[in-house]
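Here the structure is laid out as structure tokens; the discussion comes afterwards.
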Amino acid sequence: MQLTYAFTDDERDELRGLLMTVGAHPYREPIVFSDEIAGLIDDGKVSPSLVEVTDRIRKDRVSGSAFAHALRNCPLDQEIPLLDQDDPLSDKYAKKTTFVAESFLCLFGHLVGTPLLSYQTRFNGDFFIDVIAINRYRGKQTGYSDGELAFHNDRTAHPVRADFITLLGMRCPDAEITYTGFVSGPALLAMLSEEERHTLRQPYFYTPFDVLSRDRNQALTVSDNHSIFYDEHSVRYVDTHTTVAPDAPAEAKDALIALKNALVRAEKVRHRIRTGDLFSFANQDGLHNREHLEINDPERARTRWLLKTYGFRDRAAADRYADRWIDGVPGRVGD
């Protein structure tokens, strides 16, 4: 994984100063907050270097030449609270009184042209989500556990899924080594035969809903039947979870085994997100995982905190779901 850009300390501090001028509250006033961030761009207050970098990322995505990008030494809040992991969301609301990190994620979304997405039934519909170990999910297969994660898409079972995910390292203990891996859809397809690709493009598969979604809505059990590959090279899959529908033909199981083998052999990138790193990657045009390389103090490792946003590919992709907006908030959908 090549670093796309590293801010100098002066660039980081200048950008932090600009983002501290934003007055709207990202959790109480999401529309006003987003508009205020957009105003910084319209008024020419964003540094040319950041505009140039995000232009390059947007062009890479359009051309398909790169699906994952990393920025280092990004602006964060001066004080990063240690969150109560019984209820980190409520604790964040109580302790986090400045919003530089949220402002930077929103600014990045505007600059790369990916409108933000949120889910009304998760984290109060917030557009800025805490990826942190929550005590009640210890040992479970969810991003809110303290364990590793198999290769997957976020929200695979749901009808509205992000095109891009962006993670910002808020608290990443230096002595605990965790990597985020990424494999692109084209890399997986290259390892499969034409017959296997064809079978994997049929609606022969289904995916159970994740544990957090089931906690919020007990009516959610499994997705409708779906294909694993769709469009040119988009993929919808959670390793060890997505499986063959009961009425699927025999070749569906063979194709699924071939995909599992391809996932082992395909070329991947890995990035260790450090405090102040931003890592942004395709959610539908690839799969990502979480891998523990060296954990010296499990309790310290559990405090790892990333701030996450979901993003649509572009404004047109967001507008296709406009009839689903909740409470008139663009980008906020139900389940």
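Chain labels A, B, ... are given in the sequence in which chains occur in the structure tokens; within each chain residues are numbered consecutively from 1, and ligands are likewise numbered from 1 in the order shown.
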Margin query: Please extract the residues of stretch 67-249 of chain A with a backbone DSSP assignment of strand (DSSP E) and present them as a PyMOL selection string.
Written below: chain A and resi 68-72+116-119+129-131+149-152+164-171+177-184+205-206+229-230+234-235+243-244
Next item on the list: Quick one: everything within 10 Å of A:Asn135, counting only C-alpha atoms, minus sequence neighbours fewer than 4 positions away in the same chain. Send it as a ChimeraX atom specification.
Entry: /A:84-88,139,144-146,302
Margin query: Can you pull out every residue from stretch 165-332 of chain A that DSSP, working from the backbone, puts in helix (DSSP H, G or I), and format the result as a ChimeraX atom specification?
Written below: /A:185-189,194-200,211-216,250-265,298-301,315-319,322-324
Check: Hey, which of A:Gln120, A:Ile41, A:Ile257, A:Glu267 ends up closest to A:Arg324? Count only C-alpha atoms.
Finding: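 Checking each of A:Gln120, A:Ile41, A:Ile257, A:Glu267 against A:Arg324, counting only C-alpha atoms, the winner is A:Gln120.
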Next item on the list: Using only C-alpha atoms, find the one residue out of A:Phe182, A:Tyr5, A:Tyr230, A:Phe99 that sits nearest to A:Ala68.
Entry: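 Of all the options, A:Phe182 lies closest to A:Ala68.
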Checklist line | For A:Leu168, the nearest of the candidates A:Asp130, A:Glu196, A:Asp327, A:Glu294, counting only C-alpha atoms | finding: A:Asp130
Notebook entry, point to check: atom CA of A:Phe104 to atom CA of A:Ala66: how many Å, to one decimal?
Noted result: 21.9 Å
Item checked: Neighbour list for A:Phe128 as number ranges by chain, cut-off 12 Å, only C-alpha atoms, skip fewer than 5 positions in-chain -> A: 25-28, 30, 34, 89, 92-93, 99-106, 109, 116-119, 122-123, 165-168, 306-311, 332
Next item on the list: Considering only C-alpha atoms, return as a ChimeraX atom specification whatever protein or nucleic-acid residues lie within 9 Å of A:Glu148, sequence-local ones (same chain, fewer than 3 positions apart) excluded.
Entry: /A:141-143,145,178,289-292
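Checking A:His288, A:Arg197, A:Arg236, A:Lys95 one by one against A:Phe151, counting only C-alpha atoms, you find the shortest gap at A:His288.
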